[in-house]
Every structure is written in C-alpha cells, then in structure tokens.
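Below is upload_3.cif, holding mmCIF, C-alpha atoms and all ligand atoms.
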```
data_run
loop_
_atom_site.label_atom_id
_atom_site.label_comp_id
_atom_site.auth_asym_id
_atom_site.auth_seq_id
_atom_site.Cartn_x
_atom_site.Cartn_y
_atom_site.Cartn_z
CA MET A 1 0.00 0.00 0.00
CA ASP A 2 1.30 3.41 -0.98
CA PHE A 3 1.15 5.84 1.94
CA THR A 4 3.15 8.52 0.12
CA ALA A 5 0.70 9.23 -2.75
CA GLY A 6 3.35 10.96 -4.84
CA TYR A 7 3.72 13.48 -1.99
CA GLY A 8 0.22 14.72 -2.70
CA ALA A 9 0.09 14.05 -6.46
CA LEU A 10 -2.11 10.97 -6.22
CA ASN A 11 -5.08 12.08 -4.15
CA LEU A 12 -7.33 9.88 -6.32
CA GLY A 13 -4.86 6.97 -6.24
CA HIS A 14 -2.62 5.62 -8.98
CA ASN A 15 -3.98 5.96 -12.53
CA PRO A 16 -7.66 6.73 -11.87
CA LYS A 17 -9.58 5.16 -14.75
CA GLU A 18 -11.93 8.08 -15.37
CA VAL A 19 -9.04 10.52 -15.64
CA ILE A 20 -7.20 8.28 -18.07
CA GLU A 21 -10.35 8.02 -20.21
CA ALA A 22 -10.71 11.81 -20.27
CA VAL A 23 -7.08 12.14 -21.35
CA HIS A 24 -7.57 9.62 -24.16
CA GLN A 25 -10.56 11.59 -25.43
CA ALA A 26 -8.57 14.82 -25.39
CA GLN A 27 -5.71 13.23 -27.26
CA LYS A 28 -7.89 13.29 -30.38
CA LEU A 29 -7.63 17.10 -30.35
CA PRO A 30 -4.68 19.09 -31.78
CA ALA A 31 -1.98 18.42 -29.16
CA VAL A 32 -0.13 21.73 -29.03
CA LEU A 33 -1.67 25.02 -30.08
CA LEU A 34 0.52 27.94 -29.21
CA VAL A 35 -1.57 30.43 -31.13
CA GLY A 36 -4.87 31.01 -29.40
CA PHE A 37 -6.39 28.86 -26.67
CA ASN A 38 -7.81 25.39 -26.86
CA PRO A 39 -11.35 25.13 -25.45
CA LEU A 40 -10.31 22.79 -22.64
CA MET A 41 -7.88 25.40 -21.38
CA GLY A 42 -10.73 27.91 -21.21
CA ALA A 43 -12.95 25.37 -19.47
CA LEU A 44 -10.27 24.58 -16.91
CA GLY A 45 -9.57 28.27 -16.25
CA LYS A 46 -13.28 28.81 -15.65
CA THR A 47 -13.61 25.74 -13.43
CA LEU A 48 -10.63 26.76 -11.31
CA ALA A 49 -12.04 30.27 -10.94
CA SER A 50 -15.31 28.76 -9.74
CA ILE A 51 -13.79 26.46 -7.11
CA LEU A 52 -11.13 28.87 -5.83
CA PRO A 53 -12.18 31.43 -3.23
CA GLY A 54 -12.35 35.20 -3.74
CA ASP A 55 -11.22 36.82 -6.96
CA LEU A 56 -8.61 34.23 -7.94
CA SER A 57 -9.68 33.94 -11.54
CA VAL A 58 -6.79 34.25 -14.02
CA ALA A 59 -4.66 31.16 -14.54
CA VAL A 60 -1.14 30.96 -15.91
CA PHE A 61 -0.64 27.39 -17.06
CA GLY A 62 2.45 25.23 -16.72
CA SER A 63 3.46 21.61 -16.30
CA GLY A 64 5.33 21.04 -13.01
CA GLY A 65 4.93 22.54 -9.56
CA ALA A 66 8.18 24.50 -9.68
CA GLU A 67 7.03 26.08 -12.94
CA ALA A 68 3.89 27.36 -11.23
CA VAL A 69 6.08 28.87 -8.51
CA GLU A 70 8.25 30.57 -11.15
CA ASN A 71 5.10 31.96 -12.76
CA ALA A 72 3.83 33.21 -9.40
CA MET A 73 7.16 34.90 -8.60
CA LYS A 74 7.31 36.49 -12.05
CA THR A 75 3.73 37.71 -11.72
CA ALA A 76 4.54 39.25 -8.33
CA ARG A 77 7.59 41.10 -9.63
CA ALA A 78 5.90 42.26 -12.82
CA SER A 79 2.78 43.39 -10.99
CA THR A 80 4.42 45.24 -8.10
CA GLY A 81 7.56 46.49 -9.83
CA ARG A 82 9.39 45.28 -6.70
CA GLN A 83 12.18 42.71 -6.54
CA LYS A 84 12.40 41.01 -3.17
CA PHE A 85 10.82 37.86 -1.78
CA ILE A 86 10.20 36.58 1.72
CA SER A 87 9.69 32.88 2.42
CA CYS A 88 9.82 30.52 5.39
CA VAL A 89 12.43 28.31 6.97
CA ASN A 90 11.66 24.71 5.94
CA GLY A 91 9.32 25.86 3.18
CA TYR A 92 9.51 23.81 -0.03
CA HIS A 93 8.58 25.24 -3.42
CA GLY A 94 10.46 23.12 -5.97
CA LEU A 95 13.92 22.98 -7.46
CA SER A 96 14.08 25.47 -10.33
CA PHE A 97 16.20 28.57 -9.70
CA GLY A 98 13.45 30.93 -8.55
CA ALA A 99 11.83 28.24 -6.41
CA LEU A 100 15.17 27.27 -4.89
CA SER A 101 15.87 30.92 -4.12
CA VAL A 102 12.89 30.90 -1.74
CA CYS A 103 13.58 27.39 -0.48
CA GLY A 104 13.73 27.04 3.29
CA SER A 105 16.66 24.63 3.35
CA GLU A 106 20.25 25.85 3.39
CA ARG A 107 21.41 22.43 2.13
CA PHE A 108 19.27 22.71 -1.02
CA ARG A 109 20.11 26.35 -1.73
CA MET A 110 23.86 26.20 -1.27
CA THR A 111 24.54 23.39 -3.75
CA VAL A 112 23.66 25.53 -6.76
CA ALA A 113 24.29 29.03 -5.36
CA PRO A 114 24.33 31.83 -6.28
CA LEU A 115 20.56 32.04 -6.61
CA LEU A 116 18.27 35.07 -6.92
CA GLY A 117 19.39 37.89 -4.66
CA HIS A 118 16.83 39.71 -2.52
CA CYS A 119 15.33 36.64 -0.87
CA GLU A 120 14.91 36.45 2.89
CA LEU A 121 13.92 33.54 5.10
CA ILE A 122 11.83 33.98 8.23
CA PRO A 123 10.49 31.43 10.75
CA PHE A 124 7.17 29.83 9.78
CA GLY A 125 4.27 30.95 11.96
CA ASP A 126 5.95 34.13 13.24
CA LEU A 127 3.98 37.29 12.37
CA GLU A 128 6.43 39.62 14.14
CA ALA A 129 9.28 38.33 12.01
CA LEU A 130 7.10 38.79 8.92
CA GLU A 131 6.31 42.39 9.79
CA ARG A 132 9.98 43.20 10.47
CA SER A 133 10.89 41.84 7.03
CA LEU A 134 8.00 43.57 5.28
CA GLN A 135 9.22 46.91 6.67
CA GLY A 136 12.33 46.57 4.52
CA LYS A 137 11.48 48.22 1.23
CA GLY A 138 10.63 46.60 -2.07
CA ILE A 139 9.16 43.23 -1.09
CA ALA A 140 7.25 41.87 -4.09
CA ALA A 141 5.78 38.82 -2.37
CA PHE A 142 5.69 36.58 0.64
CA ILE A 143 5.41 32.94 -0.43
CA VAL A 144 4.22 30.35 2.07
CA GLU A 145 2.55 26.94 2.26
CA PRO A 146 -0.71 27.06 4.29
CA VAL A 147 0.46 23.81 5.90
CA GLN A 148 4.17 23.06 5.50
CA GLY A 149 4.63 19.77 3.66
CA GLU A 150 8.31 18.92 3.42
CA GLY A 151 8.86 20.84 6.66
CA GLY A 152 7.09 17.90 8.33
CA ALA A 153 3.30 18.44 8.13
CA VAL A 154 3.42 21.64 10.17
CA VAL A 155 0.14 23.49 10.74
CA PRO A 156 0.73 27.19 11.52
CA PRO A 157 -0.66 28.78 14.70
CA ARG A 158 -4.30 29.85 14.52
CA GLY A 159 -4.63 33.28 12.91
CA TYR A 160 -1.22 33.17 11.22
CA LEU A 161 -2.45 33.09 7.62
CA GLN A 162 -5.05 35.76 8.32
CA GLY A 163 -2.42 37.93 10.02
CA ALA A 164 0.01 37.38 7.15
CA ALA A 165 -2.63 38.50 4.64
CA GLU A 166 -3.33 41.67 6.63
CA LEU A 167 0.35 42.51 6.97
CA CYS A 168 1.03 41.92 3.28
CA ARG A 169 -1.88 44.20 2.39
CA LYS A 170 -0.55 46.89 4.74
CA TYR A 171 2.87 46.90 3.06
CA GLY A 172 1.68 46.48 -0.54
CA THR A 173 3.31 43.04 -0.77
CA LEU A 174 1.57 40.20 -2.59
CA LEU A 175 0.76 37.01 -0.71
CA ILE A 176 1.43 33.74 -2.55
CA PHE A 177 0.02 30.50 -1.15
CA ASP A 178 1.80 27.42 -2.43
CA GLU A 179 -0.95 24.78 -2.41
CA ILE A 180 0.89 22.38 -4.67
CA GLN A 181 0.91 19.68 -1.99
CA THR A 182 -2.01 20.84 0.17
CA GLY A 183 -4.50 21.43 -2.66
CA PHE A 184 -7.30 19.21 -3.94
CA GLY A 185 -8.67 17.85 -0.73
CA ARG A 186 -5.45 16.80 0.97
CA THR A 187 -6.05 18.69 4.21
CA GLY A 188 -9.81 18.10 4.40
CA LYS A 189 -10.93 21.10 2.35
CA MET A 190 -10.56 21.54 -1.39
CA PHE A 191 -7.76 24.03 -0.59
CA ALA A 192 -5.96 24.35 2.75
CA MET A 193 -6.45 28.14 2.78
CA GLU A 194 -10.18 27.53 3.25
CA HIS A 195 -9.59 26.34 6.83
CA ASP A 196 -8.63 29.92 7.65
CA ALA A 197 -10.88 31.67 5.11
CA VAL A 198 -7.93 33.62 3.73
CA VAL A 199 -7.58 34.49 0.05
CA PRO A 200 -4.04 35.17 -1.22
CA ASP A 201 -3.13 37.31 -4.24
CA ILE A 202 -1.72 34.29 -6.05
CA VAL A 203 -2.08 30.55 -5.48
CA THR A 204 0.05 27.81 -7.04
CA LEU A 205 -1.47 24.38 -7.78
CA SER A 206 -0.11 21.22 -9.38
CA LYS A 207 0.40 17.58 -8.27
CA SER A 208 -3.17 16.22 -7.83
CA LEU A 209 -4.53 18.82 -10.25
CA GLY A 210 -3.82 16.25 -12.98
CA SER A 211 -4.16 13.19 -10.69
CA GLY A 212 -0.59 12.28 -11.51
CA VAL A 213 -1.75 11.11 -14.95
CA VAL A 214 -0.50 14.18 -16.84
CA PRO A 215 1.80 16.89 -15.43
CA VAL A 216 -0.12 20.15 -15.10
CA SER A 217 0.24 23.24 -12.95
CA VAL A 218 -1.24 26.70 -12.60
CA ALA A 219 -0.52 29.97 -10.85
CA VAL A 220 -3.88 31.65 -10.36
CA THR A 221 -4.25 35.33 -9.54
CA SER A 222 -6.83 38.11 -9.69
CA GLU A 223 -7.62 40.06 -12.83
CA GLU A 224 -6.23 43.19 -11.17
CA VAL A 225 -2.83 41.63 -10.40
CA TRP A 226 -2.72 39.94 -13.78
CA LYS A 227 -3.47 43.13 -15.70
CA LYS A 228 -0.77 45.06 -13.86
CA ALA A 229 1.73 42.27 -14.52
CA PHE A 230 1.15 41.18 -18.08
CA GLY A 231 -1.91 42.99 -19.37
CA SER A 232 -0.31 44.90 -22.22
CA ARG A 233 0.82 44.25 -25.77
CA ASP A 234 4.51 44.24 -24.82
CA LYS A 235 4.09 41.79 -21.90
CA PHE A 236 1.19 39.43 -22.64
CA ASP A 237 3.44 36.69 -24.02
CA LEU A 238 5.85 36.48 -21.07
CA THR A 239 4.20 33.40 -19.57
CA ILE A 240 4.15 31.14 -22.61
CA SER A 241 5.39 27.58 -22.28
CA THR A 242 5.04 25.06 -25.12
CA PHE A 243 3.11 22.39 -23.25
CA ALA A 244 1.24 24.67 -20.87
CA GLY A 245 -2.49 24.08 -21.06
CA ASN A 246 -2.26 21.24 -23.56
CA PRO A 247 -5.56 19.37 -24.04
CA ALA A 248 -4.47 16.18 -22.28
CA ALA A 249 -3.34 18.09 -19.20
CA CYS A 250 -6.48 20.20 -19.11
CA ALA A 251 -8.72 17.16 -19.59
CA ALA A 252 -6.99 15.39 -16.68
CA ALA A 253 -7.47 18.44 -14.48
CA LEU A 254 -11.09 18.96 -15.49
CA ARG A 255 -12.01 15.35 -14.80
CA THR A 256 -10.08 15.41 -11.51
CA THR A 257 -11.93 18.45 -10.21
CA GLU A 258 -15.22 16.93 -11.30
CA ILE A 259 -14.51 13.68 -9.39
CA MET A 260 -13.27 15.60 -6.35
CA GLN A 261 -16.57 17.46 -6.16
CA ARG A 262 -18.85 14.59 -7.20
CA ASP A 263 -17.37 12.16 -4.65
CA GLY A 264 -16.92 14.69 -1.86
CA ILE A 265 -13.21 13.85 -1.65
CA PRO A 266 -12.22 16.78 0.62
CA ASP A 267 -14.88 15.79 3.20
CA ARG A 268 -13.76 12.20 2.97
CA ALA A 269 -10.17 13.30 3.61
CA ARG A 270 -11.29 15.28 6.66
CA ALA A 271 -13.19 12.33 8.16
CA LEU A 272 -10.44 9.82 7.38
CA GLY A 273 -7.80 12.27 8.60
CA ASP A 274 -9.59 12.54 11.95
CA TYR A 275 -9.86 8.76 12.09
CA ALA A 276 -6.18 8.20 11.28
CA ARG A 277 -5.07 10.90 13.67
CA GLU A 278 -6.99 9.37 16.55
CA LYS A 279 -5.49 5.97 15.84
CA LEU A 280 -1.99 7.44 15.62
CA GLN A 281 -2.55 9.37 18.87
CA GLY A 282 -3.47 6.01 20.40
CA LEU A 283 -0.10 4.65 19.26
CA LYS A 284 1.62 7.67 20.80
CA THR A 285 0.25 6.86 24.24
CA LYS A 286 1.63 3.33 23.82
CA HIS A 287 5.06 4.06 22.34
CA GLU A 288 7.63 6.44 23.80
CA LEU A 289 9.26 6.29 20.37
CA ILE A 290 6.57 8.65 19.07
CA LYS A 291 7.22 12.27 19.96
CA GLU A 292 4.36 13.97 18.14
CA ILE A 293 1.54 13.38 15.68
CA ARG A 294 0.79 16.43 13.57
CA GLY A 295 -0.71 17.70 10.34
CA ARG A 296 -4.14 18.28 8.91
CA GLY A 297 -6.55 16.02 7.00
CA LEU A 298 -4.51 13.25 5.40
CA LEU A 299 -1.26 15.20 5.41
CA LEU A 300 -0.01 13.70 8.65
CA GLY A 301 3.43 13.36 10.20
CA ILE A 302 4.67 11.00 12.92
CA GLU A 303 7.69 12.53 14.62
CA LEU A 304 9.98 9.99 16.23
CA GLU A 305 11.84 10.37 19.51
CA THR A 306 15.31 9.46 18.29
CA ALA A 307 17.46 10.14 21.36
CA GLY A 308 19.36 7.28 22.99
CA LEU A 309 20.65 5.30 20.01
CA PHE A 310 24.22 4.14 19.38
CA SER A 311 25.27 7.26 17.45
CA ARG A 312 23.96 10.58 16.15
CA THR A 313 23.87 9.21 12.60
CA MET A 314 21.71 6.31 13.72
CA GLU A 315 19.41 8.71 15.56
CA GLN A 316 19.04 10.82 12.41
CA ASN A 317 18.31 7.72 10.36
CA LEU A 318 15.91 5.96 12.71
CA SER A 319 12.90 6.99 10.61
CA ILE A 320 14.51 5.44 7.53
CA MET A 321 14.90 2.19 9.44
CA VAL A 322 11.25 2.23 10.54
CA ILE A 323 10.25 3.01 6.95
CA SER A 324 12.36 0.10 5.72
CA GLU A 325 10.68 -2.28 8.19
CA LEU A 326 7.24 -1.07 7.10
CA LEU A 327 8.13 -1.73 3.47
CA HIS A 328 10.01 -5.00 3.72
CA LYS A 329 7.99 -6.70 6.45
CA HIS A 330 4.53 -5.19 5.95
CA ASN A 331 4.40 -4.04 2.29
CA ILE A 332 3.62 -0.46 3.24
CA LEU A 333 5.38 2.29 1.34
CA THR A 334 6.00 5.44 3.28
CA SER A 335 8.77 8.00 3.53
CA TYR A 336 10.07 10.85 5.65
CA PHE A 337 9.61 14.57 5.00
CA ASP A 338 12.60 16.01 3.19
CA PHE A 339 13.31 18.88 5.60
CA SER A 340 12.23 16.95 8.70
CA PRO A 341 13.92 13.57 8.42
CA THR A 342 12.75 12.37 11.83
CA VAL A 343 9.11 12.72 10.77
CA ILE A 344 7.44 9.79 8.98
CA ARG A 345 4.96 10.73 6.33
CA PHE A 346 1.41 9.37 6.60
CA GLU A 347 0.00 10.67 3.33
CA PRO A 348 -2.14 8.04 1.61
CA PRO A 349 -4.35 8.70 -1.42
CA LEU A 350 -7.65 10.23 -0.28
CA ILE A 351 -9.52 7.15 -1.53
CA VAL A 352 -7.91 5.08 1.22
CA THR A 353 -10.33 3.06 3.38
CA THR A 354 -10.54 2.85 7.17
CA GLU A 355 -9.47 -0.82 6.90
CA GLN A 356 -6.32 0.21 5.03
CA ILE A 357 -5.58 2.89 7.61
CA ASP A 358 -6.03 0.24 10.35
CA GLU A 359 -3.62 -2.03 8.52
CA ALA A 360 -0.97 0.69 8.24
CA VAL A 361 -1.34 1.74 11.88
CA ASP A 362 -1.18 -1.89 13.06
CA ALA A 363 1.99 -2.40 11.02
CA LEU A 364 3.54 0.70 12.56
CA ASP A 365 2.49 -0.56 15.98
CA LYS A 366 4.29 -3.86 15.33
CA VAL A 367 7.46 -2.15 14.11
CA LEU A 368 7.61 0.29 17.03
CA SER A 369 6.94 -2.55 19.49
CA MET A 370 10.30 -4.03 18.45
CA GLY A 371 12.07 -1.15 20.20
CA LYS A 372 14.80 1.09 18.80
CA ARG A 373 17.71 -1.31 19.01
CA ALA A 374 15.86 -4.23 17.43
CA ILE A 375 14.71 -1.94 14.61
CA VAL A 376 18.35 -0.96 13.94
CA LEU A 377 19.50 -4.59 13.95
CA SER A 378 16.66 -5.72 11.69
CA PHE A 379 17.42 -2.86 9.28
CA GLY A 380 21.07 -3.96 9.23
CA LYS A 381 20.03 -7.53 8.39
CA THR A 382 17.68 -6.38 5.60
CA ALA A 383 20.42 -4.14 4.15
CA ILE A 384 23.03 -6.93 4.23
CA GLY A 385 20.51 -9.37 2.77
CA SER A 386 19.74 -7.11 -0.18
CA MET A 387 23.46 -6.44 -0.79
CA LEU A 388 24.14 -10.20 -0.91
CA HIS A 389 21.28 -10.58 -3.40
CA GLN A 390 22.77 -8.05 -5.83
C1 LIG B 401 4.57 22.76 -1.66
C2 LIG B 401 5.30 22.35 -2.90
N1 LIG B 401 5.63 23.28 -3.81
C3 LIG B 401 6.27 22.99 -4.94
C4 LIG B 401 6.64 21.69 -5.22
C5 LIG B 401 7.39 21.39 -6.48
O1 LIG B 401 6.65 20.66 -7.38
P1 LIG B 401 7.38 19.88 -8.57
O2 LIG B 401 8.19 18.79 -7.93
O3 LIG B 401 6.28 19.38 -9.44
O4 LIG B 401 8.26 20.87 -9.27
C6 LIG B 401 6.34 20.68 -4.31
C7 LIG B 401 6.74 19.30 -4.55
O5 LIG B 401 6.75 18.44 -3.69
C8 LIG B 401 5.65 21.02 -3.12
O6 LIG B 401 5.34 20.10 -2.20
#
```
Any chance you could give the structure as structure tokens?
Ligand SMILES: Cc1ncc(COP(=O)(O)O)c(C=O)c1O
Amino acid sequence: MDFTAGYGALNLGHNPKEVIEAVHQAQKLPAVLLVGFNPLMGALGKTLASILPGDLSVAVFGSGGAEAVENAMKTARASTGRQKFISCVNGYHGLSFGALSVCGSERFRMTVAPLLGHCELIPFGDLEALERSLQGKGIAAFIVEPVQGEGGAVVPPRGYLQGAAELCRKYGTLLIFDEIQTGFGRTGKMFAMEHDAVVPDIVTLSKSLGSGVVPVSVAVTSEEVWKKAFGSRDKFDLTISTFAGNPAACAAALRTTEIMQRDGIPDRARALGDYAREKLQGLKTKHELIKEIRGRGLLLGIELETAGLFSRTMEQNLSIMVISELLHKHNILTSYFDFSPTVIRFEPPLIVTTEQIDEAVDALDKVLSMGKRAIVLSFGKTAIGSMLHQ
C-alpha cells in the first residue's frame, strides 16, 4: 500500500480510470496550439475560478509545480515592480532557480548558489518576524505553504495566515500561497487556505490537479494583479510555455476536479484524517518512540523520539529504518519529510479506506513494538541481505 501518494500528487490513487479516459478523449484534439487557446484550457480556467475562493480567476498554465512557482514569482515582480521575496524556513517550493531561491533549506540552496538575490527567510508561523521583514522596502511577495509539507506536516498557529494577509496588504506586498501539496482535498478542504478563510493574491497548484496522470500546474491570480503584470501588448506573451495548457493536461485536471466534487473527496479526507489521527494518537500513548503526531486532513506526520541510540547518525536515520521495516515486512510504502527527516509521512491517497488505515497503523504498531535497538538490527540484516542478493 502506498502511503506517500506521490507526496500529494495521487489524491485519487494511482492511474484513476476516469481521468485516463478523459485524457484519451482529449488526445484526439490538436496536441499543441501555441496560437490562441484550446477550449479545454478555457474550461479549466473557468472551473478553477469557480472552485477557488475570492477573486482568484486568471490562470497561468504550466506543467510542473516549480514552474507554477516561477510563474507566481514572475507575476509578483511584474505586478508590483518590486524585486524582493520573503519565504519561510523549511518551506519547499520546488527545485528550479526561482523556487530554490525561496527554499527554506540551506542544504538545497547552497549546492547551486548563487541564486536570486533579494530573498529572505523567516520562521514559519511568526507574524512579528514577517512584519519586520516587510518593513524593509521593495518586497514583491511573501510565499508560504498554508500547511508546511516537506517541513514535516506543520500546521501554523491559529490566525497566522489571516495575520500574514493583513500585513502583506498593509505593506503592498503580494501574498502567494503554495498549495501544490495541500490542494485538492489533501487537508480536508478543497484548498488548505479555506480552513482559515484567507484568500491570497496568487495561489500555485499542481500535483493532484492532474491526478498524476498528466503533469499540469497553474498559478492563479486576480484580474487586477494579472493586468498590472502582463496585461499589455509588450508583456502578454511572457508566460508562454510550449506544453502549458495542452488538451491532455487540461482534460486530466477537469475530470479530476469533477470527481473531487462529485465524490466529496475533501470531506472524505477530513473524516479519514480525523480517524487516522486518533489511531496514531493512540499509538503515541503506547510508544515512547513517538514524539508527536501532527498535520491536517490526510497530510499527517509522525515525529519519532530518536534520542538514545548508538550514534547521532543512527538517531538521524531511525525513521529510515522504521520506513524500511514497514516496506520489507509489511508491504507499506512510506517516507520521511525532506526537511524533517525524523518525521514519517502518513500521506495516503484520499480514496484510502478505514481498513487500510487500520492495517498501516497496526503495522507501525508492530514495528515500534520491536524497540529502537531491534529496529536498527533488523534494518542492518535487511540491508546486508539485499546487498548479498545483488
Ligand atoms: C509545496 C510544494 N511546492 C512545490 C513543489 C514542487 O513541485 P514539482 O516537484 O512538481 O516541481 C512541491 C513538490 O513536492 C511542493 O510540495
């Protein structure tokens, strides 16, 4: 069982039949039309405008998540005439140059430095830090995930997103929500921003937008921001990308949004998220090895208590050993969060059943019951066994 779901790309599971059928239909249309718009692109733009809150109504199309982030950053600069960006420690926005420039991990940024200048990191959830940074002149945008994904399923303090929106408005800075991982039901609402009823100036979406069947992404903004950024003869073509908005991608996205609404997938994720969370909390009371259960909907993290192992390296890698046990002994695929390696990801497709959640939690229970040292030894045996097989 896959409890990683393409890190949020497979909310409807692997290869949903209806989405594949829609893609096949669309593949009878001209595949790439760079002059003018194909009708599916218009339909998708309209659908997104209808399901997104507030005045988010103009979509810039792309293929991958990082591309949507680039488009959002470009839109912010072009619209405000300002250069700088603020983002959060442990925030993840993709690996292209602009996205890496606002990446919240030193390790990721340094490898390919120098990146964009004028980018500042602040702690996630800290409105005072945000205001201090906004007071510096020329901030085009603050980009933030409504719930941090790779940071380890971190939900911000109550009122943070609302406060961030107010501060950004006060200083004329645009607010970008990166909902690439949190979008399309993952956190128990269609979009995570709806938990706080906050509407940003730009939102980025990808991953489950195309159900993982076809790569597709969008940066959606208001008509006002769009017009300021690219609404003139000399700028309108600055967001073109050959495959952006191709019929197959748009058909996948249209069918995905239709299924999400028809089958009440966000509500299902909320109910199943509550169920899974309660079960995981139950495990926490039983196992000292669990430090914290956190997250929202079915974007959940299980933070391990790693202290007390043979070495620091082993402590840092304990989650990998638990993950290995889950895979090799119980056939459950999970992972850790990239910027929080001691946190195990519990992120199944949103079509998961309560029985499957029970199975995964029982497996985790069995692995943790072994105790830290036995987990390390078993991992060692599995690793040696697979080396001997090669
Ligand atoms: C919040 C967030 N933003 C952006 C991205 C980048 O998306 P992609 O890998 O499609 O470029 C990811 C990918 O995991 C993500 O989780």
Which residues of chain A come within 7 Å of ligand LIG 401 (chain B), and for each one, what is the closest pair of atoms and their distance in Å to one decimal, counting only C-alpha atoms and all ligand atoms, sorted by chain and residue number, as JSON lines?
```
{"residue": "A:Tyr7", "atom": "CA", "partner": "B:LIG401", "partner_atom": "O5", "distance": 6.1}
{"residue": "A:Gly64", "atom": "CA", "partner": "B:LIG401", "partner_atom": "O3", "distance": 4.1}
{"residue": "A:Gly65", "atom": "CA", "partner": "B:LIG401", "partner_atom": "O1", "distance": 3.4}
{"residue": "A:Ala66", "atom": "CA", "partner": "B:LIG401", "partner_atom": "O4", "distance": 3.7}
{"residue": "A:Glu67", "atom": "CA", "partner": "B:LIG401", "partner_atom": "O4", "distance": 6.5}
{"residue": "A:Val69", "atom": "CA", "partner": "B:LIG401", "partner_atom": "C3", "distance": 6.9}
{"residue": "A:Tyr92", "atom": "CA", "partner": "B:LIG401", "partner_atom": "C2", "distance": 5.3}
{"residue": "A:His93", "atom": "CA", "partner": "B:LIG401", "partner_atom": "N1", "distance": 3.6}
{"residue": "A:Gly94", "atom": "CA", "partner": "B:LIG401", "partner_atom": "C5", "distance": 3.6}
{"residue": "A:Leu95", "atom": "CA", "partner": "B:LIG401", "partner_atom": "O4", "distance": 6.3}
{"residue": "A:Glu145", "atom": "CA", "partner": "B:LIG401", "partner_atom": "C1", "distance": 6.1}
{"residue": "A:Gly149", "atom": "CA", "partner": "B:LIG401", "partner_atom": "O6", "distance": 5.9}
{"residue": "A:Glu150", "atom": "CA", "partner": "B:LIG401", "partner_atom": "O6", "distance": 6.5}
{"residue": "A:Asp178", "atom": "CA", "partner": "B:LIG401", "partner_atom": "C1", "distance": 5.5}
{"residue": "A:Glu179", "atom": "CA", "partner": "B:LIG401", "partner_atom": "C1", "distance": 5.9}
{"residue": "A:Ile180", "atom": "CA", "partner": "B:LIG401", "partner_atom": "C2", "distance": 4.8}
{"residue": "A:Gln181", "atom": "CA", "partner": "B:LIG401", "partner_atom": "O6", "distance": 4.5}
{"residue": "A:Ser206", "atom": "CA", "partner": "B:LIG401", "partner_atom": "O3", "distance": 6.6}
{"residue": "A:Lys207", "atom": "CA", "partner": "B:LIG401", "partner_atom": "O3", "distance": 6.3}
```
Legend entry - Shell of 7 Å around range 168-175 of chain A, only C-alpha atoms, local chain residues under 6 positions omitted, as number ranges by chain: A: 76, 134, 139-143, 200-202
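Going from CA of Glu305 in chain A to CA of Val147 in chain A covers 22.3 Å.
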Got a sec: who's within 6 Å of Gly297 in chain A, counting only C-alpha atoms, leaving out chain neighbours fewer than 2 positions off, as a tab-separated table (two decimals) with C-alpha atoms, in the frame of the given file?
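Output below, filename around.tsv:
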```
chain	number	residue	atom	x	y	z
A	187	THR	CA	-6.05	18.69	4.21
A	188	GLY	CA	-9.81	18.10	4.40
A	269	ALA	CA	-10.17	13.30	3.61
A	270	ARG	CA	-11.29	15.28	6.66
A	273	GLY	CA	-7.80	12.27	8.60
A	299	LEU	CA	-1.26	15.20	5.41
```
Inset, instruction - May I have the residues within 6 Å of Leu121 in chain A as a list in words, using only C-alpha atoms and disregarding those fewer than 3 positions away in the same chain? - result: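 Listing them by chain and then by number gives Ile86, Ser87, Cys88 and Val89 of chain A.
Interatomic distance, CA of His330 in chain A to CA of Ala363 in chain A: 6.3 Å.
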Inset, instruction - Just the residues within 9 Å of Ser340 in chain A, please, counting only C-alpha atoms, with nothing from its chain fewer than 5 positions along; format it as a list of chain:residue names. - result: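 Answer for this query is A:Asn90, A:Glu150, A:Gly151, A:Gly152, A:Glu303.
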Legend entry - Atomic distance CA of Ile265 in chain A - CA of Asn11 in chain A, expressed in Å with one decimal: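 Spanning CA of Ile265 in chain A to CA of Asn11 in chain A is a straight-line distance of 8.7 Å.
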Inset, instruction - Compile the contact shell of range 356-362 of chain A as JSON, numbers by chain: residues with an atom at most 8 Å away, counting all atoms listed in the file, same-chain residues fewer than 6 positions apart removed. - result: {"A": [276, 279, 280, 332]}
Legend entry - Counting only C-alpha atoms, the option among A:Glu347, A:Glu131, A:Glu355, A:Glu325 closest to Thr182 in chain A: A:Glu347
